[in-house]
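Text of upload.cif, listed as mmCIF, C-alpha atoms:
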```
data_coords
loop_
_atom_site.label_atom_id
_atom_site.label_comp_id
_atom_site.auth_asym_id
_atom_site.auth_seq_id
_atom_site.Cartn_x
_atom_site.Cartn_y
_atom_site.Cartn_z
CA MET N 214 161.84 92.16 -116.11
CA THR N 215 159.95 90.14 -113.50
CA ASP N 216 161.48 86.76 -112.63
CA VAL N 217 158.70 84.24 -113.25
CA SER N 218 160.80 81.08 -112.99
CA ALA N 219 159.09 80.07 -109.73
CA LEU N 220 155.77 79.80 -111.57
CA TYR N 221 157.04 76.66 -113.29
CA GLY N 222 156.88 74.94 -109.90
CA LEU N 223 153.15 75.64 -109.50
CA ARG N 224 150.94 72.55 -109.66
CA LEU N 225 147.15 72.40 -109.33
CA GLY N 226 145.67 68.93 -108.92
CA THR N 227 142.01 67.96 -109.32
CA PRO N 228 140.50 64.46 -109.29
CA ARG N 229 141.50 63.88 -112.94
CA LEU N 230 143.72 66.76 -114.02
CA GLU N 231 147.04 68.45 -113.37
CA LEU N 232 147.31 72.13 -114.29
CA ARG N 233 150.73 73.72 -114.73
CA LEU N 234 152.87 75.71 -117.12
CA GLY N 235 154.24 73.75 -120.05
CA SER N 236 157.56 73.26 -121.78
CA ARG N 237 157.92 74.30 -125.41
CA ALA N 238 157.34 70.70 -126.51
CA GLU N 239 154.19 70.51 -124.39
CA LEU N 240 152.97 73.81 -125.83
CA GLU N 241 153.51 72.43 -129.32
CA ALA N 242 151.50 69.35 -128.37
CA LEU N 243 148.71 71.57 -127.03
CA ALA N 244 148.73 73.56 -130.27
CA GLU N 245 148.09 70.30 -132.13
CA VAL N 246 145.11 69.68 -129.83
CA ALA N 247 143.75 73.10 -130.81
CA LYS N 248 144.35 72.37 -134.50
CA ALA N 249 142.32 69.17 -134.16
CA GLY N 250 139.33 71.27 -133.12
CA ILE N 251 137.80 73.10 -130.18
CA HIS N 252 134.43 74.12 -131.60
CA PRO N 253 132.38 73.65 -134.79
CA PRO N 254 133.64 75.89 -137.63
CA HIS N 255 130.35 77.83 -137.78
CA GLU N 256 130.63 78.78 -134.09
CA MET N 257 133.06 81.19 -132.41
CA PRO N 258 133.16 81.07 -128.61
CA PHE N 259 136.12 83.47 -128.29
CA ALA N 260 136.08 87.28 -128.47
CA VAL N 261 139.43 87.03 -130.27
CA PRO N 262 138.88 84.45 -133.03
CA TRP N 263 142.32 82.85 -132.74
CA THR N 264 141.13 79.41 -133.76
CA ASP N 265 140.32 80.72 -137.24
CA ALA N 266 144.09 80.66 -137.85
CA SER N 267 144.46 76.98 -136.90
CA GLY N 268 145.03 76.00 -140.52
CA ASP N 269 147.83 78.51 -141.08
CA PRO N 270 151.37 77.14 -141.58
CA ASP N 271 152.68 79.22 -138.65
CA PHE N 272 149.87 78.37 -136.24
CA VAL N 273 151.94 76.16 -133.91
CA THR N 274 154.85 78.61 -133.85
CA ASP N 275 152.54 81.55 -133.15
CA PHE N 276 150.66 79.58 -130.48
CA VAL N 277 153.86 78.79 -128.59
CA ALA N 278 155.10 82.36 -128.97
CA HIS N 279 151.87 83.74 -127.52
CA HIS N 280 152.24 81.62 -124.38
CA GLU N 281 155.92 82.49 -123.96
CA GLU N 282 155.44 86.20 -124.61
CA THR N 283 152.51 86.41 -122.20
CA LEU N 284 154.67 84.98 -119.44
CA ALA N 285 157.60 87.25 -120.34
CA ALA N 286 155.31 90.30 -120.03
CA TRP N 287 154.32 89.41 -116.44
CA THR N 288 154.27 92.27 -113.92
CA PRO N 289 152.77 92.50 -110.43
CA GLU N 290 150.24 94.98 -111.83
CA GLU N 291 149.18 92.91 -114.84
CA TRP N 292 149.64 89.18 -115.23
CA ARG N 293 148.31 86.30 -117.28
CA LEU N 294 148.77 82.73 -116.03
CA ASN N 295 148.05 80.38 -118.95
CA LEU N 296 148.08 76.90 -117.43
CA LEU N 297 148.02 73.71 -119.45
CA ALA N 298 145.55 71.04 -118.36
CA PHE N 299 146.96 67.51 -118.44
CA HIS N 300 144.77 64.39 -118.42
CA ASP N 301 146.51 61.03 -118.24
CA GLY N 302 149.79 62.87 -118.87
CA ARG N 303 148.68 64.55 -122.09
CA PRO N 304 147.72 68.21 -122.59
CA VAL N 305 144.01 68.50 -123.37
CA GLY N 306 143.30 72.20 -122.95
CA SER N 307 144.24 75.48 -121.32
CA GLN N 308 142.95 77.37 -118.30
CA ALA N 309 143.92 81.02 -117.82
CA LEU N 310 143.81 83.12 -114.66
CA ARG N 311 144.40 86.83 -115.24
CA ALA N 312 144.42 90.09 -113.34
CA THR N 313 145.05 93.79 -113.84
CA GLY N 314 145.57 95.95 -110.76
CA PHE N 315 145.03 92.96 -108.46
CA SER N 316 146.56 94.72 -105.44
CA VAL N 317 143.81 97.35 -105.71
CA ASP N 318 140.61 95.52 -106.67
CA HIS N 319 141.55 91.89 -105.84
CA THR N 320 139.64 90.64 -108.89
CA VAL N 321 140.67 87.98 -111.37
CA ASP N 322 139.16 86.76 -114.59
CA THR N 323 139.30 83.38 -116.25
CA GLY N 324 139.21 81.88 -119.71
CA SER N 325 139.62 78.35 -120.93
CA TRP N 326 139.28 75.85 -123.73
CA LEU N 327 139.32 72.09 -124.17
CA GLY N 328 140.07 70.03 -127.25
CA ILE N 329 136.86 68.68 -128.71
CA ALA N 330 137.83 65.08 -127.85
CA SER N 331 137.91 65.98 -124.15
CA GLN N 332 134.64 67.90 -123.95
CA GLY N 333 131.44 66.78 -122.29
CA ARG N 334 133.16 64.92 -119.46
CA GLY N 335 133.26 67.56 -116.73
CA LEU N 336 136.93 68.40 -117.25
CA GLY N 337 136.11 72.05 -117.91
CA THR N 338 134.54 72.29 -114.47
CA GLU N 339 137.64 70.77 -112.85
CA MET N 340 139.88 73.26 -114.65
CA ARG N 341 137.83 76.24 -113.49
CA VAL N 342 137.54 74.96 -109.91
CA ALA N 343 141.33 74.59 -109.74
CA VAL N 344 142.10 78.21 -110.62
CA LEU N 345 139.22 79.56 -108.53
CA GLU N 346 140.62 77.75 -105.51
CA LEU N 347 144.03 79.25 -106.30
CA ALA N 348 142.46 82.72 -106.59
CA PHE N 349 140.20 82.60 -103.55
CA GLY N 350 142.08 80.18 -101.31
CA CYS N 351 145.67 81.29 -101.93
CA LEU N 352 145.71 84.75 -103.50
CA GLY N 353 142.92 86.35 -101.48
CA ALA N 354 140.78 87.34 -104.46
CA ARG N 355 137.48 89.00 -103.66
CA ALA N 356 135.81 88.23 -106.97
CA ALA N 357 136.32 86.30 -110.21
CA ARG N 358 134.91 87.38 -113.54
CA SER N 359 134.03 85.27 -116.54
CA GLY N 360 131.62 85.36 -119.45
CA TRP N 361 130.32 83.71 -122.57
CA LEU N 362 129.38 84.63 -126.11
CA GLU N 363 125.95 83.80 -127.48
CA GLY N 364 125.91 81.20 -130.20
CA GLY N 365 129.02 79.30 -129.26
CA ALA N 366 129.84 78.98 -125.58
CA ALA N 367 127.16 76.77 -124.07
CA GLN N 368 129.67 74.62 -122.17
CA SER N 369 131.40 77.61 -120.59
CA ALA N 370 128.04 79.05 -119.59
CA GLY N 371 127.11 75.72 -118.02
CA VAL N 372 130.30 75.56 -115.97
CA SER N 373 129.75 79.10 -114.71
CA ALA N 374 126.17 78.37 -113.73
CA ARG N 375 127.13 75.22 -111.83
CA LEU N 376 129.78 77.10 -109.86
CA GLY N 377 127.49 79.94 -108.76
CA TYR N 378 128.39 82.86 -111.03
CA ARG N 379 125.77 85.55 -111.49
CA GLU N 380 125.23 87.70 -114.57
CA ILE N 381 125.93 91.41 -114.10
CA GLY N 382 125.36 92.67 -117.63
CA THR N 383 126.19 92.24 -121.29
CA HIS N 384 128.34 93.95 -123.87
CA VAL N 385 128.96 93.52 -127.58
CA GLU N 386 131.92 91.72 -129.13
CA ARG N 387 132.65 91.30 -132.84
CA PRO N 388 134.92 88.25 -133.16
CA ARG N 389 134.12 87.79 -136.84
CA GLY N 390 132.85 91.27 -137.64
CA GLU N 391 129.21 90.80 -136.70
CA PRO N 392 127.96 91.95 -133.28
CA VAL N 393 127.53 89.19 -130.71
CA ALA N 394 126.26 89.58 -127.15
CA HIS N 395 128.78 88.71 -124.44
CA HIS N 396 127.29 87.84 -121.05
CA ASP N 397 129.37 89.24 -118.18
CA LEU N 398 129.52 87.08 -115.06
CA VAL N 399 130.99 87.40 -111.57
CA LEU N 400 131.53 85.08 -108.62
CA ASP N 401 132.16 86.68 -105.23
CA ALA N 402 134.54 85.03 -102.77
CA ALA N 403 131.75 84.81 -100.18
CA GLU N 404 129.75 82.66 -102.60
CA TRP N 405 132.59 80.28 -103.45
CA ALA N 406 131.85 76.69 -102.44
CA ARG N 407 134.62 74.33 -103.56
CA PRO N 408 132.90 71.18 -104.90
CA PHE N 409 135.96 68.97 -104.38
CA ALA N 410 139.48 69.18 -103.00
CA VAL N 411 142.18 70.86 -105.05
CA GLU N 412 145.82 70.12 -104.32
CA ILE N 413 147.97 73.23 -104.76
CA VAL N 414 151.74 72.91 -104.69
#
```

This entry written out as structure tokens:
Amino acid sequence: MTDVSALYGLRLGTPRLELRLGSRAELEALAEVAKAGIHPPHEMPFAVPWTDASGDPDFVTDFVAHHEETLAAWTPEEWRLNLLAFHDGRPVGSQALRATGFSVDHTVDTGSWLGIASQGRGLGTEMRVAVLELAFGCLGARAARSGWLEGGAAQSAGVSARLGYREIGTHVERPRGEPVAHHDLVLDAAEWARPFAVEIV
């Protein structure tokens, strides 16, 4: 088993946010943010429709377990860093940085969400910039991938466009059974232009 204890010392600071791993209590608080809403019920911005279970009695327990199990499964070949985004000391969302075979292709991918009360204020952009600076500035990534689903991910698409991603294709996802187009995006390290300073500890 890989020792990931050092990851708890990682801190990413943007003008308004701190991104880091969370304690169990902080993960429970973040689960309550998710339960309060991330997107309208008729939309589904995620390929895996995990928010559909937000009303289940075990949602908070399962949410915390997912974060803990993802970290426990960390290997140098495949890792998932699910950071909590804190605004004014409270968790408001999550920003993931992930890679498979990073030592070979030096490519990461990202995923994120914000509680509905924190949307529309540019915080999603700050979250993404923080992990991109970690990937390109510290880890030596050559490219970062992202994407968005039609009919429910306008904010994510907007963040990607502002940061210089380009579309390289589409594929089909079926989060709720029906086919939905997923737009595949990439940002090359040579095109990365950090819009503001990120403090990385």

I would like the residues chosen by the PyMOL selection byres ((chain N and resi 368) around 10) on the shown file; could you give them as a compact mmCIF listing (two decimals) with C-alpha atoms, in the coordinates of the input?
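Listing of selection07.txt after writing:
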```txt
# COMPACT_ATOMS: atom_id res chain seq x y z
CA PRO N 258 133.16 81.07 -128.61
CA TRP N 326 139.28 75.85 -123.73
CA GLN N 332 134.64 67.90 -123.95
CA GLY N 333 131.44 66.78 -122.29
CA GLY N 335 133.26 67.56 -116.73
CA GLY N 337 136.11 72.05 -117.91
CA THR N 338 134.54 72.29 -114.47
CA TRP N 361 130.32 83.71 -122.57
CA GLY N 365 129.02 79.30 -129.26
CA ALA N 366 129.84 78.98 -125.58
CA ALA N 367 127.16 76.77 -124.07
CA SER N 369 131.40 77.61 -120.59
CA ALA N 370 128.04 79.05 -119.59
CA GLY N 371 127.11 75.72 -118.02
CA VAL N 372 130.30 75.56 -115.97
CA SER N 373 129.75 79.10 -114.71
CA ALA N 374 126.17 78.37 -113.73
```

Smallest atom-to-atom distance to Asp269 in chain N: which of N:Ala354, N:Ala403, N:Ala244, N:Leu362, using all atoms listed in the file?
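Between N:Ala354, N:Ala403, N:Ala244, N:Leu362, the residue approaching Asp269 in chain N most closely is N:Ala244.
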
Might you spell out which residues the PyMOL selection byres ((chain N and resi 375-387) around 9) would select in the displayed file, as a tab-separated table (two decimals) with C-alpha atoms, keeping the file's coordinate frame?
```
chain	number	residue	atom	x	y	z
N	260	ALA	CA	136.08	87.28	-128.47
N	261	VAL	CA	139.43	87.03	-130.27
N	338	THR	CA	134.54	72.29	-114.47
N	341	ARG	CA	137.83	76.24	-113.49
N	342	VAL	CA	137.54	74.96	-109.91
N	357	ALA	CA	136.32	86.30	-110.21
N	358	ARG	CA	134.91	87.38	-113.54
N	359	SER	CA	134.03	85.27	-116.54
N	360	GLY	CA	131.62	85.36	-119.45
N	362	LEU	CA	129.38	84.63	-126.11
N	370	ALA	CA	128.04	79.05	-119.59
N	371	GLY	CA	127.11	75.72	-118.02
N	372	VAL	CA	130.30	75.56	-115.97
N	373	SER	CA	129.75	79.10	-114.71
N	374	ALA	CA	126.17	78.37	-113.73
N	388	PRO	CA	134.92	88.25	-133.16
N	389	ARG	CA	134.12	87.79	-136.84
N	390	GLY	CA	132.85	91.27	-137.64
N	391	GLU	CA	129.21	90.80	-136.70
N	392	PRO	CA	127.96	91.95	-133.28
N	393	VAL	CA	127.53	89.19	-130.71
N	394	ALA	CA	126.26	89.58	-127.15
N	395	HIS	CA	128.78	88.71	-124.44
N	396	HIS	CA	127.29	87.84	-121.05
N	397	ASP	CA	129.37	89.24	-118.18
N	398	LEU	CA	129.52	87.08	-115.06
N	399	VAL	CA	130.99	87.40	-111.57
N	400	LEU	CA	131.53	85.08	-108.62
N	401	ASP	CA	132.16	86.68	-105.23
N	404	GLU	CA	129.75	82.66	-102.60
N	405	TRP	CA	132.59	80.28	-103.45
N	406	ALA	CA	131.85	76.69	-102.44
N	407	ARG	CA	134.62	74.33	-103.56
N	408	PRO	CA	132.90	71.18	-104.90
```

Sort by chain and increasing residue number a table of all residues of range 226-253 of chain N within 9 Å of range 305-325 of chain N, each with its closest pair of atoms and their distance in Å to one decimal, counting all atoms listed in the file, and write it as CSV.
```
residue,atom,partner,partner_atom,distance
N:Leu232,CA,N:Gln308,CA,7.9
N:Leu243,CA,N:Val305,CA,6.7
N:Val246,CA,N:Val305,CA,6.7
N:Ala247,CA,N:Gly306,CA,7.9
```

Quick one: which residues end up in the PyMOL selection byres ((chain N and resi 410) around 10) for this structure, as a PDB file with C-alpha atoms, in the frame of the given file?
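Printed below is part-v3.pdb as written:
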```
ATOM      1  CA  GLY N 226     145.670  68.930-108.920  1.00  0.00           C
ATOM      2  CA  THR N 227     142.010  67.960-109.320  1.00  0.00           C
ATOM      3  CA  PRO N 228     140.500  64.460-109.290  1.00  0.00           C
ATOM      4  CA  VAL N 342     137.540  74.960-109.910  1.00  0.00           C
ATOM      5  CA  ALA N 343     141.330  74.590-109.740  1.00  0.00           C
ATOM      6  CA  GLU N 346     140.620  77.750-105.510  1.00  0.00           C
ATOM      7  CA  ARG N 407     134.620  74.330-103.560  1.00  0.00           C
ATOM      8  CA  PRO N 408     132.900  71.180-104.900  1.00  0.00           C
ATOM      9  CA  PHE N 409     135.960  68.970-104.380  1.00  0.00           C
ATOM     10  CA  VAL N 411     142.180  70.860-105.050  1.00  0.00           C
ATOM     11  CA  GLU N 412     145.820  70.120-104.320  1.00  0.00           C
ATOM     12  CA  ILE N 413     147.970  73.230-104.760  1.00  0.00           C
TER      13      ILE N 413
END
```

Which is closest to Val277 in chain N among N:Leu230, N:Val414, N:Ala238, N:Met340, if we use only C-alpha atoms?
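Answer, going by the shortest atom-to-atom distance: N:Ala238.
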
Compare N:Ala402, N:Val344, N:Met214, N:Cys351 by their minimum atom-to-atom distance to Ala298 in chain N, counting all atoms listed in the file, and give me the closest one.
N:Val344

For the atom pair CA of Ile251 in chain N and CA of Gly328 in chain N, what is the interatomic distance in Å to one decimal place?
4.8 Å

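Minimum atom-to-atom distances from N:Arg229, N:Arg303, N:Thr215, N:Gly268 to Ala249 in chain N were compared using all atoms listed in the file, and the lowest value belongs to N:Gly268.
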
Which is closer to Leu284 in chain N than all the others in N:Met257, N:Ile329, N:Leu234, N:Leu347, using only C-alpha atoms?
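Closest residue, counting only C-alpha atoms: N:Leu234.
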
Do you know which residues are at most 9 Å from range 280-283 of chain N counting all atoms listed in the file, after dropping those on the same chain fewer than 2 positions away, and could you put them as a list in words?
Arg237, Leu240, Asp275, Phe276, Val277, Ala278, Ala285, Ala286, Trp287, Trp292, Arg293, Leu294 and Asn295 of chain N

Selection above as a file: C-alpha atoms, as a short mmCIF file (atom, residue, chain, number, x, y, z; two decimals), in the frame of the given file:
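The file below, selection20.cif, is the result:
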```
data_model
loop_
_atom_site.label_atom_id
_atom_site.label_comp_id
_atom_site.auth_asym_id
_atom_site.auth_seq_id
_atom_site.Cartn_x
_atom_site.Cartn_y
_atom_site.Cartn_z
CA ARG N 237 157.92 74.30 -125.41
CA LEU N 240 152.97 73.81 -125.83
CA ASP N 275 152.54 81.55 -133.15
CA PHE N 276 150.66 79.58 -130.48
CA VAL N 277 153.86 78.79 -128.59
CA ALA N 278 155.10 82.36 -128.97
CA ALA N 285 157.60 87.25 -120.34
CA ALA N 286 155.31 90.30 -120.03
CA TRP N 287 154.32 89.41 -116.44
CA TRP N 292 149.64 89.18 -115.23
CA ARG N 293 148.31 86.30 -117.28
CA LEU N 294 148.77 82.73 -116.03
CA ASN N 295 148.05 80.38 -118.95
#
```

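In this structure, CA of Leu327 in chain N sits 25.1 Å away from CA of Leu352 in chain N.
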
So the first atom is CA of Glu239 in chain N and the second is CA of Val273 in chain N; what is the distance between them in Å, to one decimal place?
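So the two atoms, CA of Glu239 in chain N and CA of Val273 in chain N, lie 11.3 Å apart.
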
So which one's closest to Pro253 in chain N, N:Glu291, N:Gly364, N:Ser331, N:Phe272? Using only C-alpha atoms, please.
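For Pro253 in chain N, the nearest of the candidates is N:Gly364.
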
Atom completion result for range 379-390 of chain N (N, CA and C atoms) as an mmCIF file, in the frame of the given file:
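After the write, out12.cif holds the following:
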```
data_model
loop_
_atom_site.group_PDB
_atom_site.id
_atom_site.type_symbol
_atom_site.label_atom_id
_atom_site.label_comp_id
_atom_site.auth_asym_id
_atom_site.auth_seq_id
_atom_site.Cartn_x
_atom_site.Cartn_y
_atom_site.Cartn_z
ATOM 1 N N ARG N 379 126.995 84.822 -111.173
ATOM 2 C CA ARG N 379 125.770 85.550 -111.490
ATOM 3 C C ARG N 379 126.062 86.544 -112.616
ATOM 4 N N GLU N 380 125.064 86.774 -113.437
ATOM 5 C CA GLU N 380 125.230 87.700 -114.570
ATOM 6 C C GLU N 380 125.068 89.132 -114.081
ATOM 7 N N ILE N 381 125.972 90.007 -114.520
ATOM 8 C CA ILE N 381 125.930 91.410 -114.100
ATOM 9 C C ILE N 381 125.727 92.364 -115.271
ATOM 10 N N GLY N 382 125.579 91.814 -116.479
ATOM 11 C CA GLY N 382 125.360 92.670 -117.630
ATOM 12 C C GLY N 382 125.795 91.989 -118.917
ATOM 13 N N THR N 383 125.730 92.725 -120.002
ATOM 14 C CA THR N 383 126.190 92.240 -121.290
ATOM 15 C C THR N 383 126.933 93.361 -122.012
ATOM 16 N N HIS N 384 127.758 92.989 -122.950
ATOM 17 C CA HIS N 384 128.340 93.950 -123.870
ATOM 18 C C HIS N 384 128.496 93.289 -125.229
ATOM 19 N N VAL N 385 128.887 94.035 -126.214
ATOM 20 C CA VAL N 385 128.960 93.520 -127.580
ATOM 21 C C VAL N 385 130.407 93.250 -127.971
ATOM 22 N N GLU N 386 130.643 92.069 -128.515
ATOM 23 C CA GLU N 386 131.920 91.720 -129.130
ATOM 24 C C GLU N 386 131.685 91.457 -130.614
ATOM 25 N N ARG N 387 132.753 91.551 -131.400
ATOM 26 C CA ARG N 387 132.650 91.300 -132.840
ATOM 27 C C ARG N 387 133.802 90.383 -133.296
ATOM 28 N N PRO N 388 133.788 89.134 -132.836
ATOM 29 C CA PRO N 388 134.920 88.250 -133.160
ATOM 30 C C PRO N 388 135.112 88.027 -134.655
ATOM 31 N N ARG N 389 134.023 87.981 -135.392
ATOM 32 C CA ARG N 389 134.120 87.790 -136.840
ATOM 33 C C ARG N 389 133.449 88.926 -137.600
ATOM 34 N N GLY N 390 133.397 90.100 -136.969
ATOM 35 C CA GLY N 390 132.850 91.270 -137.640
ATOM 36 C C GLY N 390 131.420 91.599 -137.280
#
```
